[in-house]
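Single-structure report; data block below.
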Amino acid sequence: MKMGKLTENILLYKLQSKEDPEAFAQLYDLYARRIYSFVFFKVSSKEEAEDITSEVFLKAWRYISEKKKVDSFSGLLYRLARNSIIDLYRAKN
């Protein structure tokens with residue numbers, strides 16, 4: 001599914017204003033593979049990449065549910081993914 005930035009912003013608005021699960025599902029469909037690939041490249045474990053990817057989307061839902069301002073949904077996802085990867089490496093050490 002190819003979406004433009006405008007469509008992403010409309011979905012983000014629906015998500016932030018109404019906590020619209022359908023808008024979240026569409027954003028998930030748009031970004032799940034990209035976030036998984038980003039995480040897998042860093043952790044090289046299918047299971048850890050799957051776990052972190054689902055954790056990232058759960059954290060994103062909670063973050064938005066708390067009515068925190070989000071300018072870029074993709075930016076939020078990548079920041080959460082990066083932080084989750086850092087947490088994983090810290091826990092391993």
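Residues are named by chain letter and number: chains run A, B, ... in the order of the structure tokens, numbers start at 1 in each chain, and ligands are numbered from 1 in the order shown.
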Requested in this report: Pick out the residues sitting within 12 Å of Arg33 of chain A, and hand them over as a ChimeraX atom specification; count only C-alpha atoms, and ignore anything fewer than 2 positions along from it in its own chain.
Outcome: /A:1,27-31,35-40,49-50,53-54,57,77
Please save N, CA, C and O atoms of the selected residues as a PDB file, in the first residue's frame.
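out25.pdb written:
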ATOM      1  N   MET A   1       0.845  -1.170   0.000  1.00  0.00           N
ATOM      2  CA  MET A   1       0.000   0.000   0.000  1.00  0.00           C
ATOM      3  C   MET A   1       0.892   1.235   0.000  1.00  0.00           C
ATOM      4  O   MET A   1       1.746   1.381   0.850  1.00  0.00           O
ATOM      5  N   LEU A  27      -2.058   2.567   9.567  1.00  0.00           N
ATOM      6  CA  LEU A  27      -0.672   2.990   9.809  1.00  0.00           C
ATOM      7  C   LEU A  27       0.214   1.784  10.119  1.00  0.00           C
ATOM      8  O   LEU A  27       1.360   1.716   9.668  1.00  0.00           O
ATOM      9  N   TYR A  28      -0.331   0.824  10.837  1.00  0.00           N
ATOM     10  CA  TYR A  28       0.412  -0.412  11.115  1.00  0.00           C
ATOM     11  C   TYR A  28       0.756  -1.111   9.803  1.00  0.00           C
ATOM     12  O   TYR A  28       1.904  -1.509   9.587  1.00  0.00           O
ATOM     13  N   ASP A  29      -0.248  -1.258   8.934  1.00  0.00           N
ATOM     14  CA  ASP A  29      -0.009  -1.911   7.643  1.00  0.00           C
ATOM     15  C   ASP A  29       1.051  -1.183   6.833  1.00  0.00           C
ATOM     16  O   ASP A  29       1.855  -1.803   6.132  1.00  0.00           O
ATOM     17  N   LEU A  30       1.069   0.119   6.939  1.00  0.00           N
ATOM     18  CA  LEU A  30       2.034   0.921   6.196  1.00  0.00           C
ATOM     19  C   LEU A  30       3.457   0.756   6.730  1.00  0.00           C
ATOM     20  O   LEU A  30       4.408   0.671   5.959  1.00  0.00           O
ATOM     21  N   TYR A  31       3.605   0.673   8.057  1.00  0.00           N
ATOM     22  CA  TYR A  31       4.934   0.731   8.660  1.00  0.00           C
ATOM     23  C   TYR A  31       5.457  -0.556   9.275  1.00  0.00           C
ATOM     24  O   TYR A  31       6.660  -0.629   9.577  1.00  0.00           O
ATOM     25  N   ILE A  35       9.488  -1.162   9.943  1.00  0.00           N
ATOM     26  CA  ILE A  35      10.030  -1.179  11.301  1.00  0.00           C
ATOM     27  C   ILE A  35      10.680  -2.530  11.577  1.00  0.00           C
ATOM     28  O   ILE A  35      11.772  -2.605  12.146  1.00  0.00           O
ATOM     29  N   TYR A  36      10.030  -3.606  11.156  1.00  0.00           N
ATOM     30  CA  TYR A  36      10.618  -4.939  11.337  1.00  0.00           C
ATOM     31  C   TYR A  36      11.986  -5.015  10.655  1.00  0.00           C
ATOM     32  O   TYR A  36      12.955  -5.492  11.246  1.00  0.00           O
ATOM     33  N   SER A  37      12.069  -4.545   9.429  1.00  0.00           N
ATOM     34  CA  SER A  37      13.349  -4.584   8.697  1.00  0.00           C
ATOM     35  C   SER A  37      14.419  -3.767   9.408  1.00  0.00           C
ATOM     36  O   SER A  37      15.571  -4.201   9.528  1.00  0.00           O
ATOM     37  N   PHE A  38      14.050  -2.595   9.868  1.00  0.00           N
ATOM     38  CA  PHE A  38      14.975  -1.730  10.607  1.00  0.00           C
ATOM     39  C   PHE A  38      15.502  -2.448  11.849  1.00  0.00           C
ATOM     40  O   PHE A  38      16.702  -2.479  12.103  1.00  0.00           O
ATOM     41  N   VAL A  39      14.590  -3.053  12.604  1.00  0.00           N
ATOM     42  CA  VAL A  39      14.971  -3.742  13.844  1.00  0.00           C
ATOM     43  C   VAL A  39      15.786  -4.990  13.527  1.00  0.00           C
ATOM     44  O   VAL A  39      16.827  -5.233  14.142  1.00  0.00           O
ATOM     45  N   PHE A  40      15.345  -5.780  12.560  1.00  0.00           N
ATOM     46  CA  PHE A  40      16.050  -7.020  12.226  1.00  0.00           C
ATOM     47  C   PHE A  40      17.492  -6.737  11.804  1.00  0.00           C
ATOM     48  O   PHE A  40      18.406  -7.472  12.172  1.00  0.00           O
ATOM     49  N   ALA A  49      13.347  -9.425  16.646  1.00  0.00           N
ATOM     50  CA  ALA A  49      12.838  -8.383  15.755  1.00  0.00           C
ATOM     51  C   ALA A  49      11.304  -8.356  15.777  1.00  0.00           C
ATOM     52  O   ALA A  49      10.697  -7.288  15.816  1.00  0.00           O
ATOM     53  N   GLU A  50      10.679  -9.531  15.792  1.00  0.00           N
ATOM     54  CA  GLU A  50       9.215  -9.592  15.862  1.00  0.00           C
ATOM     55  C   GLU A  50       8.712  -9.036  17.190  1.00  0.00           C
ATOM     56  O   GLU A  50       7.746  -8.279  17.228  1.00  0.00           O
ATOM     57  N   THR A  53       9.212  -5.240  17.275  1.00  0.00           N
ATOM     58  CA  THR A  53       8.280  -4.579  16.359  1.00  0.00           C
ATOM     59  C   THR A  53       6.894  -4.474  16.987  1.00  0.00           C
ATOM     60  O   THR A  53       6.283  -3.402  16.983  1.00  0.00           O
ATOM     61  N   SER A  54       6.404  -5.560  17.572  1.00  0.00           N
ATOM     62  CA  SER A  54       5.075  -5.481  18.193  1.00  0.00           C
ATOM     63  C   SER A  54       5.102  -4.569  19.412  1.00  0.00           C
ATOM     64  O   SER A  54       4.153  -3.818  19.659  1.00  0.00           O
ATOM     65  N   PHE A  57       4.786  -0.872  18.271  1.00  0.00           N
ATOM     66  CA  PHE A  57       3.432  -0.435  17.935  1.00  0.00           C
ATOM     67  C   PHE A  57       2.555  -0.311  19.180  1.00  0.00           C
ATOM     68  O   PHE A  57       1.722   0.594  19.261  1.00  0.00           O
ATOM     69  N   LEU A  77       7.695   5.997  15.491  1.00  0.00           N
ATOM     70  CA  LEU A  77       7.985   4.559  15.416  1.00  0.00           C
ATOM     71  C   LEU A  77       9.483   4.279  15.398  1.00  0.00           C
ATOM     72  O   LEU A  77       9.962   3.393  16.121  1.00  0.00           O
TER      73      LEU A  77
END
**Report entry** Shell of 10 Å around segment 22-26 of chain A, only C-alpha atoms, local chain residues under 5 positions omitted, as number ranges by chain
**Finding:** A: 1, 3, 8, 10-16, 31-32, 57, 60-61
Report task. Run DSSP on the backbone of this structure and report the residues of chain A it assigns to helix (DSSP H, G or I), as a ChimeraX atom specification. Result -> /A:5-18,21-43,46-65,73-92
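Each of A:Ile86, A:Val70, A:Leu80, A:Val43 was checked against Asn9 of chain A using only C-alpha atoms; the smallest atom-to-atom distance is that of A:Val70.
Considering the residues A:Gly75, A:Ser65, A:Lys42, A:Leu58 and counting only C-alpha atoms, Tyr89 of chain A has its shortest atom-to-atom contact with A:Lys42.
Distances here use only C-alpha atoms; by that measure, the residue among A:Glu55, A:Thr7, A:Arg34, A:Asp71 closest to Leu88 of chain A is A:Glu55.
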Query raised in the report: So how many Å separate atom CA of Ser44 of chain A and atom CA of Lys59 of chain A, to one decimal?
Result: 21.8 Å
